[in-house]
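**Q** So that we are looking at the same thing, I have put the structure below in structure tokens.
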Amino acid sequence: MSLLEITDLQTYYRAEGGWVRATDGVSLSLDHGETIGLVGESGSGKTTLAKSIIRLFPDNAEIHGGSIEFDGTEITELSSKELRNRIRWKEISMIPQNAMNGFDPVYTVGEQIMQVIRHHEDGTSKAEARTRARELFDDLGIDPDRIDDYPHQFSGGMAQRAMIALALALEPQLMLADEPTTALDVVIQDRILETIKAKQEAIDSAMIMITHDMSVVSETCDRIAVVYGGRVVEIADAETIIMNPRHPYTLGLRNAFPDISSEDEELISIPGTPPNLVDPEEGCRFAPRCPFAEEECWSVTPEPQSYGDGHIVECHRADEVELLQEEAGKKETWMEQDLGKPEELSTDGGEPQTGRSTDGLEGDHE
Amino acid sequence: MGLREFVIRRLVQLVFTFWAFFTILFVLFRMVPGDPTSMFLLDGMTAEQREQRIAELGLDQPLHIQYINYIEQLLTGDFGQSFIYREPVIDIIVVRFMNTIVLMGTALVIAYLIGVTFGALMGWWRGSRFERGGIVVTLVARSSPEFWVGIVLLSVFVFWLGWFPSSGMRATGGDLGGGFVQRYGSLDFLRHLFLPALTGAIVYLATPTLLMRSTMLDVLKADFIEIKKAEGLPERTVLYKHAARNSVLPLVTVMAIATGAAMGGSVVIETVFNWPGMGREMVRSVNNNDYPVAMAAFFLMGSVVIIMNFVADLAYVYLDPRVEYE
Amino acid sequence: MSTQTPSRAERLADGLERRFDRFRDGLSVFKGDRLGQIGVGLLVMFVFVGIFARPTTIEFLNITIPGIAPHDPTERAVGGRLESPSAAHPLGTTDRGRDVFSQLLVGTRVTLLVGSLAAFMAVFIGTNVGLISAYFGGWVDDLLMRITDIVYAVPFLPFAIVLVAIIGSSIVNIIAAIVLILWRSTARVIRAQVLSHKNRPYVESAEAIGASDVRIMYRHILPNVLPLAFLYAAFAVGWAVIAEASLSFLGFGDPNMLSWGEMIFSVYNADAVRVAWWWVFPPGIAITLFVMSVFFVGRTLEKVVNPELRHKE
């Protein structure tokens with residue numbers, strides 16, 4: 001049985017114009033010890049998806065439908081108190097993007113690690129918790145004496161290690177890593193990723209790695225889910241997504257990181273911005289930015305299609321994989337062009353809704 | 001710069017500020033139109049008595065000598081003789097100063113306790129009716145001068161309901177005598193203290209409440225709040241131990257300004273409630289041209305503000321581990 | 001103006017347009033803000049009452065507009081002593097038989113005068129001190145900021161009492177006493193704001209084309225910090241009015257001008273707080289309403305100055 005089973009999850013934000021469908025019908029499963037990457041631009045809904053699991057969103061958001069089964073428990077039905085005491089941190093912890101801001105600046109790092117240990121494990125004495133915090137530091141290659149330092153006394157990489165120590169403190173079954181290395185410089189990035197992987201294996205924890213960086217997921221993840229417009233548009237094992245993707249959006253994302261496609265190519269970015277998710281219309285949400293969009297894409301929402309080995313794609317033209325892959329490699333394909341809705345359709349369907357993201361509601365800080 | 005150097009630097013600044021304040025006082029009380037010595041003298045003196053008095057007060061000396069004498073006297077706590085009471089000013093003022101500190105201290109403590117709590121909750125429940133209502137109530141309270149709030153409370157609780165005494169500090173009189181416990185340690189005293197302290201608390205509530213609310217809104221956006229929630233800590237812990245604890249920092253810096261406002265407010269509140277404090281004494285002495293008393297009162301009020309500024313700076317350093325000693 | 005360039009007119013038009021946009025932007029904030037609207041509405045009412053409280057003669061048109069106040073506020077025995085409200089005296093009479101309603105209306109004038117003049121002068125001084133201090137830095141900054149620190153050590157109301165007692169209670173002296181203290185907060189905030197503008201590209205480019213210090217300060221930087229100065233002016237009006245009311249209540253008001261604070265002082269002197277509610281409550285409520293309205297307007301202006309606040313509501 002898998003550790004996490006998300007089925008048709010819908011997380012909506014109340015906004016002035018209606019509901020922002022930040023996560024709109026996502027299904028995803030994760031095995032014990034497995035690492036899955038959620039890839040997408042900021043505003044795609046990947047952070048909301050991950051945070052929905054521990055219900056960590058603002059007051060104006062709610063889970064509108066769907067289910068999240070974690071280790072046999074339906075956690076959408078838990079009261080907030082049960083969620084706090086049984087799931088949060090004890091079973092599912094988090095590594096934030098910027099560790100420096102992840103610690104409360106007015107307490108020492110050690111105090112904060114001890115606080116979470118003692119909150120979840122009744123009867124742990126201060127001394128015991130302290131010993132454990134020191135051990136965690138030692139494990140992650142930080143001088144144990146530094147648990148008495150304040151967050152601002154740490155360097156960026158060191159703070160990130162301390163944050164990982166905090167995330168590991170209760171040996172959770174799942175860790176949500178939200179862009180855990182983007183705030184760091186490249187040399188340290190790799191070392192931190194290695195540390196995360198090693199520790200994750202040591203305690204056999206699963207992980208959801210949220211990132212917009214294809215190169216990060218290719219190194220660390222078993223499977224990758226590409227998120228666009230609040231939906232998982234393509235999911236497969238890491239190699240397939242990197243080497244043999246079928247969705248034009250995945251192809252576009254891949255172009256933006258040249259080290260994983262061919263080396264001498266220059267960066268090609270996808271024109272346009274993520275879609276407005278307030279009551280989206282029928283049709284593929286990527287169509288307004290897609291160089292391969294056809295009439296059908298504008299009017300019919302694509303159904304998920306399976307291509308074997310858990311490779312699922314939501315695209316009408318996914319069968320034409322060779323053509324897509326070849327064309328997507330060319331810069332001209334992605335040149336800002338008139339990608340508007342075909343004339344004959346715009347009369348009855350209205351303007352395609354483009355140009356507005358979800359206003360940073362999901363907390364991506366890119 | 002280390003902590004020690006910071007403290008020393010602030011101490012030097014403290015001394016400088018005190019000196020400047022002394023000088024302002026000196027200039028202010030020698031600005032009287034006409035004969036600068038006239039205010040120090042009583043009517044109905046013969047020319048001889050007058051001469052003698054001027055010599056006694058050192059007013060026949062050149063200005064710079066007067067200035068040095070004046071500083072010397074202030075530093076030794078010698079404020080001269082009251083023209084009206086015919087007693088050393090220091091004896092008159094000290095007991096009243098204590099009464100003022102007890103009254104305004106109580107008012108400020110209440111204002112800050114309520115303000116910090118309400119401000120934190122207003123930030124926490126942002127967008128709620130509680131928050132919107134709270135803002136209007138605090139703004140209306142802050143829009144009312146102290147004397148007006150005092151009169152409203154007097155009208156309601158004393159004249160209408162008759163729950164509290166209208167004036168003074170003790171029913172038995174003798175507001176100025178006795179030891180500390182004897183003066184402040186009775187139920188009767190608390191009954192007298194209630195309305196004037198409440199008046200101050202209402203007026204000074206707005207600053208900590210509104211400031212607390214707006215810093216809470218900033219702090220709640222910080223990443224660490226989300227992490228603390230993700231850690232599964234109870235809401236109360238996240239609210240008070242983390243969000244509110246971080247939001248309290250800027251309040252420390254306005255503490256000194258609030259004290260300044262309270263010193264000014266004491267003048268008005270004590271007049272309304274006939275509280276035997278320094279503020280009321282100041283109004284009385286100014287009206288009676290008893291300038292040595294007025295000057296001493298003004299001097300003490302300013303000193304409290306200067307010292308509070310200093311304390312606030314040190315408290316900030318203590319409370320915020322990130323602070324740079326600039 | 002030796003550096004005239006052909007694009008001057010264009011730049012001027014551009015600047016005007018930007019300023020107009022900013023102005024419209026400012027107005028739009030009031031649209032969604034009920035408190036701000038209430039504030040503006042009340043202020044308009046107070047100004048109207050203040051201007052037309054007494055008969056006004058416009059000489060060259062040779063017309064006299066009758067005042068709103070039914071009686072001369074200082075005329076004795078227009079009614080009986082301490083009469084409670086009636087049709088003839090909507091807010092009753094004082095212990096000397098003066099009409100409270102007329103006093104209330106005429107008292108608006110002192111409030112408006114002190115509020116606007118003191119706030120304007122305090123903010124004028126504060127803005128200049130902050131601007132000069134931040135722009136020149138070094139010893140100028142040190143000196144001006146130490147002076148500001150010292151003024152922060154002076155308790156506001158006691159200072160005003162002593163000063164007015166020594167130099168005499170007149171409206172001019174009261175305003176002077178208020179201004180001497182009130183400029184301090186504006187100076188600090190404007191200084192901080194100017195510091196953040198000092199190194200921006202537009203200032204550097206002005207320096208590059210050889211603009212004088214004065215020109216850079218007042219033509220380039222000042223317009224950018226002016227909204228903040230307006231905000232502080234709004235709050236300064238409130239503090240000034242409260243200070244004047246408190247001074248008058250303590251008996252240090254201008255004996256020749258009737259103000260709300262002085263009305264309450266008279267009630268106290270007549271020992272009539274307990275009996276004459278109609279005499280003591282109206283001026284008190286008027287003070288609160290007036291200060292409240294400027295604070296409400298100030299809060300709304302704050303959102304123009306700091307757009308981030310708009311999302312906090």
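By convention here, the chains of the structure tokens are called A, B, ... in the order presented, each chain's residues are numbered starting at 1, and ligands are numbered starting at 1 in the order presented.
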Give me the residues near His220 (chain C) as a list in words, where near means some atom within 9 Å (using only C-alpha atoms) and where sequence neighbours in that chain fewer than 4 positions away do not count.

**A**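 Returned residues: Tyr202, Val203, Ala206, Arg215, Ile216 and Asn224 of chain C.
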
**Q** DSSP on the backbone, then: every residue of region 217-308 of chain C marked alpha helix (DSSP H), written as number ranges by chain.

**A** C: 222-249, 260-269, 277-305

**Q** With C-alpha atoms kept, could you save the residues just selected as a JSON list (two decimals), in the first residue's frame?

**A**
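Below is the file selection_13.json, written as the result:
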```json
[["chain", "number", "residue", "atom", "x", "y", "z"],
["C", 222, "LEU", "CA", 10.83, 66.78, -2.05],
["C", 223, "PRO", "CA", 7.96, 65.81, -4.39],
["C", 224, "ASN", "CA", 8.65, 62.19, -3.52],
["C", 225, "VAL", "CA", 8.47, 62.65, 0.22],
["C", 226, "LEU", "CA", 5.62, 65.17, 0.15],
["C", 227, "PRO", "CA", 2.83, 62.56, 0.47],
["C", 228, "LEU", "CA", 4.43, 61.39, 3.69],
["C", 229, "ALA", "CA", 4.60, 64.99, 4.89],
["C", 230, "PHE", "CA", 0.88, 65.38, 4.17],
["C", 231, "LEU", "CA", 0.19, 62.30, 6.19],
["C", 232, "TYR", "CA", 2.10, 63.68, 9.15],
["C", 233, "ALA", "CA", 0.33, 66.99, 8.69],
["C", 234, "ALA", "CA", -3.01, 65.23, 9.10],
["C", 235, "PHE", "CA", -1.90, 63.66, 12.36],
["C", 236, "ALA", "CA", -0.27, 66.92, 13.47],
["C", 237, "VAL", "CA", -3.63, 68.67, 13.11],
["C", 238, "GLY", "CA", -5.07, 66.16, 15.57],
["C", 239, "TRP", "CA", -2.27, 66.55, 18.11],
["C", 240, "ALA", "CA", -2.32, 70.34, 17.84],
["C", 241, "VAL", "CA", -6.06, 70.49, 18.47],
["C", 242, "ILE", "CA", -5.78, 68.17, 21.47],
["C", 243, "ALA", "CA", -2.92, 70.28, 22.84],
["C", 244, "GLU", "CA", -4.83, 73.54, 22.42],
["C", 245, "ALA", "CA", -7.92, 72.02, 24.05],
["C", 246, "SER", "CA", -5.87, 70.73, 26.98],
["C", 247, "LEU", "CA", -4.13, 74.07, 27.46],
["C", 248, "SER", "CA", -7.45, 75.90, 27.39],
["C", 249, "PHE", "CA", -9.00, 73.41, 29.76],
["C", 260, "TRP", "CA", -14.05, 74.27, 23.06],
["C", 261, "GLY", "CA", -11.40, 73.56, 25.68],
["C", 262, "GLU", "CA", -12.11, 76.91, 27.28],
["C", 263, "MET", "CA", -15.83, 76.15, 27.40],
["C", 264, "ILE", "CA", -15.10, 73.07, 29.49],
["C", 265, "PHE", "CA", -12.71, 75.12, 31.64],
["C", 266, "SER", "CA", -15.60, 77.49, 32.35],
["C", 267, "VAL", "CA", -17.88, 74.61, 33.29],
["C", 268, "TYR", "CA", -15.24, 73.46, 35.73],
["C", 269, "ASN", "CA", -14.75, 76.91, 37.15],
["C", 277, "TRP", "CA", -24.50, 68.24, 31.03],
["C", 278, "TRP", "CA", -25.64, 70.33, 28.05],
["C", 279, "TRP", "CA", -22.78, 72.70, 28.66],
["C", 280, "VAL", "CA", -19.96, 70.19, 29.14],
["C", 281, "PHE", "CA", -20.80, 67.42, 26.68],
["C", 282, "PRO", "CA", -21.18, 69.31, 23.37],
["C", 283, "PRO", "CA", -17.67, 70.84, 23.32],
["C", 284, "GLY", "CA", -16.13, 67.54, 24.42],
["C", 285, "ILE", "CA", -17.92, 65.61, 21.70],
["C", 286, "ALA", "CA", -16.98, 68.29, 19.18],
["C", 287, "ILE", "CA", -13.27, 67.92, 20.02],
["C", 288, "THR", "CA", -13.42, 64.15, 19.72],
["C", 289, "LEU", "CA", -15.32, 64.32, 16.43],
["C", 290, "PHE", "CA", -12.93, 66.83, 14.94],
["C", 291, "VAL", "CA", -9.76, 64.96, 15.92],
["C", 292, "MET", "CA", -11.36, 61.68, 14.91],
["C", 293, "SER", "CA", -12.14, 63.01, 11.46],
["C", 294, "VAL", "CA", -8.53, 64.10, 10.84],
["C", 295, "PHE", "CA", -7.25, 60.73, 12.12],
["C", 296, "PHE", "CA", -9.64, 58.91, 9.80],
["C", 297, "VAL", "CA", -8.46, 61.00, 6.88],
["C", 298, "GLY", "CA", -4.87, 60.39, 7.99],
["C", 299, "ARG", "CA", -5.38, 56.64, 8.03],
["C", 300, "THR", "CA", -6.72, 56.76, 4.52],
["C", 301, "LEU", "CA", -3.84, 58.94, 3.36],
["C", 302, "GLU", "CA", -1.51, 56.38, 4.86],
["C", 303, "LYS", "CA", -2.68, 53.92, 2.26],
["C", 304, "VAL", "CA", -1.75, 56.34, -0.49],
["C", 305, "VAL", "CA", 1.70, 56.75, 0.99]]
```

**Q** Figure out the distance between CA of Leu103 (chain B) and CA of Leu319 (chain B), please, to one decimal in Å.

**A**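 Computing it gives 26.9 Å between the two atoms.
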
**Q** Apply DSSP to the backbone of this structure and, from region 22-190 of chain A, keep only the residues in strand (DSSP E or B); write these as a ChimeraX atom specification.

**A** /A:22-30,35-39,61-70,73-74,88,92-95,174-178

**Q** Mind checking which residues fall within 7 Å of region 15-21 of chain A, counting only C-alpha atoms, ignoring those fewer than 4 positions away in the same chain, and posting them as a VMD selection string?

**A** chain A and resid 11 230 277 to 279

**Q** From the set C:Val114, C:Val129, C:Ala13, C:Leu42, which residue has the shortest atom-to-atom contact distance to Ile174 (chain C), counting only C-alpha atoms?

**A** C:Val114

**Q** Taking only C-alpha atoms into account, name the residue in A:Ala328, A:Ile188, A:Ala287, A:Ile210 that is nearest to Ser44 (chain A).

**A**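 Counting only C-alpha atoms, the residue closest to Ser44 (chain A) is A:Ile210.
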
**Q** Pick the closest to Thr253 (chain B) from B:Val305, B:Leu217, B:Val27, B:Ala315: which is it, counting only C-alpha atoms?

**A**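 Looking at the shortest contact to Thr253 (chain B), the residue is B:Ala315.
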